[in-house]
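K.L.:
Structure incoming, see below.
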Amino acid sequence: QLQLVESGGGLAHSGGSLTLSCATSGFSGWTLDDWLLAWSPQAAGEEREGVSCLNIRDNSMDAQSRFDISSNNAKNTIYLQINNRKEEDSADYYCANESGIGRNGCVLKRVLYDRWGQGTQVTVSS
């Protein structure tokens, strides 16, 4: 069973950093190198594009200010670090993947990703 499982969300005060994790499993024969990987926040009533993406195969990434994406290939896990937390960062954060075979770079457009996790909720208060 293909799975993306996010964790690490919760309630936090503004400022400081918060790291979310996304563990991938069930992709027999595939490793993180084979995927385009992304993080995207979704808040009620809002449409937001991704805040970070990663293509390990060609070592490329894209991220909005204050967001960092990283990976641990041995654990088949990617991470999102939210720096200098702000109330506007409050949302459900989802990780996603899409086949990266034959593709260069990565994109922050949500519509390009097929598989999504169940999300982890982040609430930032002042």
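We name chains A, B, ... following the order of the structure tokens; residues begin at 1 in each chain, and ligands are numbered from 1 as shown.
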Pull the strand (DSSP E) assignments for range 38-110 of chain A out of DSSP run on the backbone, and list those residues as a ChimeraX atom specification.

P.N.:
/A:38-42,52-55,60-63,67-72,77-82,91-99

K.L.:
Selection from above, N, CA, C and O atoms, as a CSV table (one decimal), in the first residue's frame, can you write it?

P.N.:
chain,number,residue,atom,x,y,z
A,38,ALA,N,7.1,17.2,-2.6
A,38,ALA,CA,6.7,18.6,-2.3
A,38,ALA,C,5.9,18.7,-1.0
A,38,ALA,O,5.3,17.7,-0.5
A,39,TRP,N,5.9,19.8,-0.4
A,39,TRP,CA,5.0,20.2,0.7
A,39,TRP,C,4.1,21.3,0.4
A,39,TRP,O,4.5,22.3,-0.3
A,40,SER,N,2.8,21.1,0.8
A,40,SER,CA,1.8,22.1,0.5
A,40,SER,C,0.9,22.4,1.7
A,40,SER,O,0.4,21.4,2.2
A,41,PRO,N,0.7,23.6,2.1
A,41,PRO,CA,-0.2,23.9,3.2
A,41,PRO,C,-1.6,24.1,2.7
A,41,PRO,O,-1.7,24.7,1.6
A,42,GLN,N,-2.6,23.7,3.4
A,42,GLN,CA,-4.0,24.0,3.0
A,42,GLN,C,-4.7,24.5,4.2
A,42,GLN,O,-4.7,23.9,5.3
A,52,SER,N,7.5,24.2,-0.8
A,52,SER,CA,8.8,23.6,-1.1
A,52,SER,C,8.7,22.4,-1.9
A,52,SER,O,7.7,21.7,-1.9
A,53,CYS,N,9.7,22.1,-2.7
A,53,CYS,CA,9.7,20.9,-3.5
A,53,CYS,C,11.2,20.4,-3.7
A,53,CYS,O,12.1,21.2,-3.5
A,54,LEU,N,11.3,19.2,-4.0
A,54,LEU,CA,12.7,18.6,-4.1
A,54,LEU,C,12.7,17.5,-5.2
A,54,LEU,O,11.8,16.7,-5.3
A,55,ASN,N,13.8,17.6,-5.9
A,55,ASN,CA,14.2,16.5,-6.9
A,55,ASN,C,15.6,16.0,-6.5
A,55,ASN,O,16.5,16.7,-6.8
A,60,SER,N,18.0,19.3,-7.1
A,60,SER,CA,17.3,20.6,-7.3
A,60,SER,C,16.2,20.8,-6.3
A,60,SER,O,15.6,19.8,-5.8
A,61,MET,N,15.9,22.0,-5.9
A,61,MET,CA,14.8,22.2,-5.0
A,61,MET,C,14.3,23.7,-5.2
A,61,MET,O,15.0,24.5,-5.8
A,62,ASP,N,13.2,23.9,-4.7
A,62,ASP,CA,12.6,25.2,-4.7
A,62,ASP,C,11.8,25.4,-3.4
A,62,ASP,O,11.2,24.5,-2.9
A,63,ALA,N,11.9,26.6,-2.8
A,63,ALA,CA,11.2,26.8,-1.5
A,63,ALA,C,10.9,28.3,-1.4
A,63,ALA,O,11.7,29.1,-1.8
A,67,PHE,N,11.0,28.6,4.4
A,67,PHE,CA,10.7,27.1,4.4
A,67,PHE,C,12.0,26.4,3.8
A,67,PHE,O,12.5,26.8,2.8
A,68,ASP,N,12.3,25.3,4.5
A,68,ASP,CA,13.5,24.5,4.0
A,68,ASP,C,13.0,23.1,3.9
A,68,ASP,O,12.3,22.6,4.8
A,69,ILE,N,13.4,22.4,2.8
A,69,ILE,CA,13.0,21.0,2.6
A,69,ILE,C,14.3,20.2,2.6
A,69,ILE,O,15.4,20.7,2.1
A,70,SER,N,14.3,19.0,3.2
A,70,SER,CA,15.4,18.1,3.2
A,70,SER,C,14.9,16.7,3.2
A,70,SER,O,13.7,16.4,3.3
A,71,SER,N,15.9,15.8,3.1
A,71,SER,CA,15.5,14.3,3.0
A,71,SER,C,16.5,13.5,3.7
A,71,SER,O,17.6,13.8,3.9
A,72,ASN,N,16.0,12.3,4.1
A,72,ASN,CA,16.9,11.2,4.6
A,72,ASN,C,16.5,10.0,3.8
A,72,ASN,O,15.5,9.4,4.0
A,77,THR,N,12.3,9.4,4.1
A,77,THR,CA,11.6,10.5,4.7
A,77,THR,C,12.0,11.8,4.2
A,77,THR,O,13.2,12.0,4.0
A,78,ILE,N,11.1,12.7,4.1
A,78,ILE,CA,11.4,14.1,3.8
A,78,ILE,C,10.9,15.0,4.9
A,78,ILE,O,10.1,14.6,5.7
A,79,TYR,N,11.5,16.2,5.0
A,79,TYR,CA,11.2,17.1,6.1
A,79,TYR,C,10.9,18.5,5.6
A,79,TYR,O,11.4,18.9,4.5
A,80,LEU,N,10.1,19.2,6.3
A,80,LEU,CA,9.9,20.6,6.1
A,80,LEU,C,10.2,21.4,7.3
A,80,LEU,O,9.6,21.1,8.4
A,81,GLN,N,11.1,22.3,7.2
A,81,GLN,CA,11.4,23.2,8.4
A,81,GLN,C,10.7,24.5,8.1
A,81,GLN,O,11.0,25.2,7.1
A,82,ILE,N,9.9,24.9,9.1
A,82,ILE,CA,9.3,26.3,9.0
A,82,ILE,C,10.0,27.2,9.9
A,82,ILE,O,10.1,26.9,11.1
A,91,ALA,N,-2.0,26.0,9.2
A,91,ALA,CA,-2.7,25.2,8.1
A,91,ALA,C,-2.5,23.8,8.3
A,91,ALA,O,-1.7,23.4,9.2
A,92,ASP,N,-3.1,23.0,7.5
A,92,ASP,CA,-2.8,21.5,7.4
A,92,ASP,C,-1.7,21.4,6.4
A,92,ASP,O,-1.9,21.9,5.2
A,93,TYR,N,-0.6,20.7,6.7
A,93,TYR,CA,0.5,20.6,5.8
A,93,TYR,C,0.5,19.2,5.2
A,93,TYR,O,0.5,18.2,6.0
A,94,TYR,N,0.6,19.1,3.9
A,94,TYR,CA,0.6,17.8,3.2
A,94,TYR,C,1.9,17.6,2.4
A,94,TYR,O,2.4,18.6,1.8
A,95,CYS,N,2.3,16.4,2.4
A,95,CYS,CA,3.4,16.1,1.5
A,95,CYS,C,2.9,15.3,0.3
A,95,CYS,O,1.8,14.7,0.5
A,96,ALA,N,3.6,15.4,-0.8
A,96,ALA,CA,3.1,14.8,-2.0
A,96,ALA,C,4.2,14.3,-2.8
A,96,ALA,O,5.4,14.8,-2.7
A,97,ASN,N,4.0,13.3,-3.7
A,97,ASN,CA,5.0,12.9,-4.6
A,97,ASN,C,4.4,12.6,-6.0
A,97,ASN,O,3.2,12.4,-6.1
A,98,GLU,N,5.3,12.6,-6.9
A,98,GLU,CA,5.0,12.3,-8.3
A,98,GLU,C,6.2,11.7,-8.9
A,98,GLU,O,7.3,12.1,-8.5
A,99,SER,N,6.0,10.9,-9.9
A,99,SER,CA,7.2,10.3,-10.6
A,99,SER,C,8.1,11.3,-11.1
A,99,SER,O,7.7,12.3,-11.8

K.L.:
In range 17-75 of chain A, what's helix (DSSP H, G or I) per DSSP? Answer as number ranges by chain?

P.N.:
A: 32-34, 73-75

K.L.:
Between A:Gly105, A:Gly15, A:Gly26, A:Gly117, which one has atoms that come closest to Glu87 in chain A, using only C-alpha atoms?

P.N.:
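Of all the options, A:Gly15 lies closest to Glu87 in chain A.
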
K.L.:
CA of Gln121 in chain A and CA of Leu4 in chain A are how many Å apart?

P.N.:
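Distance reported for this atom pair: 15.0 Å.
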
K.L.:
Pick the closest to Leu2 in chain A from A:Gly29, A:Ser17, A:Val124, A:Gly100: which is it, counting only C-alpha atoms?

P.N.:
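Closest candidate: A:Gly29.
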
K.L.:
Could you state the separation of CA of Ile101 in chain A and CA of Glu49 in chain A in Å, given to one decimal place?

P.N.:
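Straight-line distance from CA of Ile101 in chain A to CA of Glu49 in chain A works out to 22.5 Å.
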
K.L.:
Please measure the separation of CA of Gln118 in chain A and CA of Arg48 in chain A, giving the value in Å to one decimal.

P.N.:
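According to the coordinates, CA of Gln118 in chain A and CA of Arg48 in chain A are separated by 16.4 Å.
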
K.L.:
Need to verify the contact set: Gly10 in chain A, 10 Å, only C-alpha atoms, exclusion of same-chain residues closer than 3 positions in sequence. Can you return it as a JSON list (two decimals) with C-alpha atoms, in the first residue's frame?

P.N.:
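Saved as out-v5.json:
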[["chain", "number", "residue", "atom", "x", "y", "z"],
["A", 7, "SER", "CA", 3.86, 14.10, 11.45],
["A", 18, "LEU", "CA", 9.19, 23.75, 13.51],
["A", 20, "LEU", "CA", 7.52, 18.35, 9.93],
["A", 90, "SER", "CA", -1.32, 27.96, 10.35],
["A", 92, "ASP", "CA", -2.80, 21.53, 7.42],
["A", 120, "THR", "CA", -0.52, 17.28, 9.83],
["A", 121, "GLN", "CA", -2.03, 20.37, 11.42],
["A", 122, "VAL", "CA", 0.10, 23.34, 12.37],
["A", 123, "THR", "CA", -1.32, 26.17, 14.46],
["A", 124, "VAL", "CA", 0.83, 29.21, 15.18]]

K.L.:
Could you pull the residues within 10 Å of Arg103 in chain A, counting only C-alpha atoms, minus those fewer than 4 positions along the same chain, as a PyMOL selection string?

P.N.:
chain A and resi 34-36+55+57-58+99

K.L.:
Take the residues that were just selected and, keeping N, CA, C and O atoms, output them as a JSON list (two decimals), in the first residue's frame.

P.N.:
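selection16.json was written with the following content:
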[["chain", "number", "residue", "atom", "x", "y", "z"],
["A", 34, "ASP", "N", 13.60, 8.66, -7.01],
["A", 34, "ASP", "CA", 12.73, 8.46, -8.17],
["A", 34, "ASP", "C", 11.54, 9.41, -8.18],
["A", 34, "ASP", "O", 10.74, 9.40, -9.10],
["A", 35, "TRP", "N", 11.42, 10.24, -7.15],
["A", 35, "TRP", "CA", 10.22, 11.06, -7.00],
["A", 35, "TRP", "C", 10.51, 12.55, -7.05],
["A", 35, "TRP", "O", 11.57, 13.01, -6.68],
["A", 36, "LEU", "N", 9.51, 13.29, -7.47],
["A", 36, "LEU", "CA", 9.42, 14.70, -7.16],
["A", 36, "LEU", "C", 8.64, 14.79, -5.86],
["A", 36, "LEU", "O", 7.59, 14.13, -5.72],
["A", 55, "ASN", "N", 13.83, 17.55, -5.93],
["A", 55, "ASN", "CA", 14.16, 16.50, -6.90],
["A", 55, "ASN", "C", 15.55, 16.04, -6.52],
["A", 55, "ASN", "O", 16.55, 16.69, -6.84],
["A", 57, "ARG", "N", 17.22, 13.41, -7.48],
["A", 57, "ARG", "CA", 18.02, 12.85, -8.57],
["A", 57, "ARG", "C", 18.91, 13.90, -9.20],
["A", 57, "ARG", "O", 20.07, 13.64, -9.49],
["A", 58, "ASP", "N", 18.37, 15.11, -9.44],
["A", 58, "ASP", "CA", 19.23, 16.14, -10.02],
["A", 58, "ASP", "C", 19.58, 17.23, -9.02],
["A", 58, "ASP", "O", 20.05, 18.31, -9.39],
["A", 99, "SER", "N", 6.04, 10.87, -9.92],
["A", 99, "SER", "CA", 7.20, 10.27, -10.55],
["A", 99, "SER", "C", 8.15, 11.34, -11.08],
["A", 99, "SER", "O", 7.73, 12.27, -11.77]]

K.L.:
Residues within 7 Å of Arg110 in chain A, please, as a PyMOL selection string. Count only C-alpha atoms; anything in the same chain fewer than 2 positions from it doesn't count.

P.N.:
chain A and resi 49-50+108+112-113

K.L.:
Export C-alpha atoms of the chosen residues as a PDB file, in the first residue's frame?

P.N.:
ATOM      1  CA  GLU A  49       0.460  26.399  -3.782  1.00  0.00           C
ATOM      2  CA  GLY A  50       3.340  24.361  -2.450  1.00  0.00           C
ATOM      3  CA  LEU A 108       5.422  24.053  -6.515  1.00  0.00           C
ATOM      4  CA  LEU A 112       1.191  18.283 -10.706  1.00  0.00           C
ATOM      5  CA  TYR A 113       1.352  15.877  -7.760  1.00  0.00           C
TER       6      TYR A 113
END

K.L.:
Pick out the closest residue to Cys22 in chain A from this set: A:Gln1, A:Ser65, A:Ser125, A:Asn76. Count only C-alpha atoms.

P.N.:
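Nearest to Cys22 in chain A: A:Asn76.
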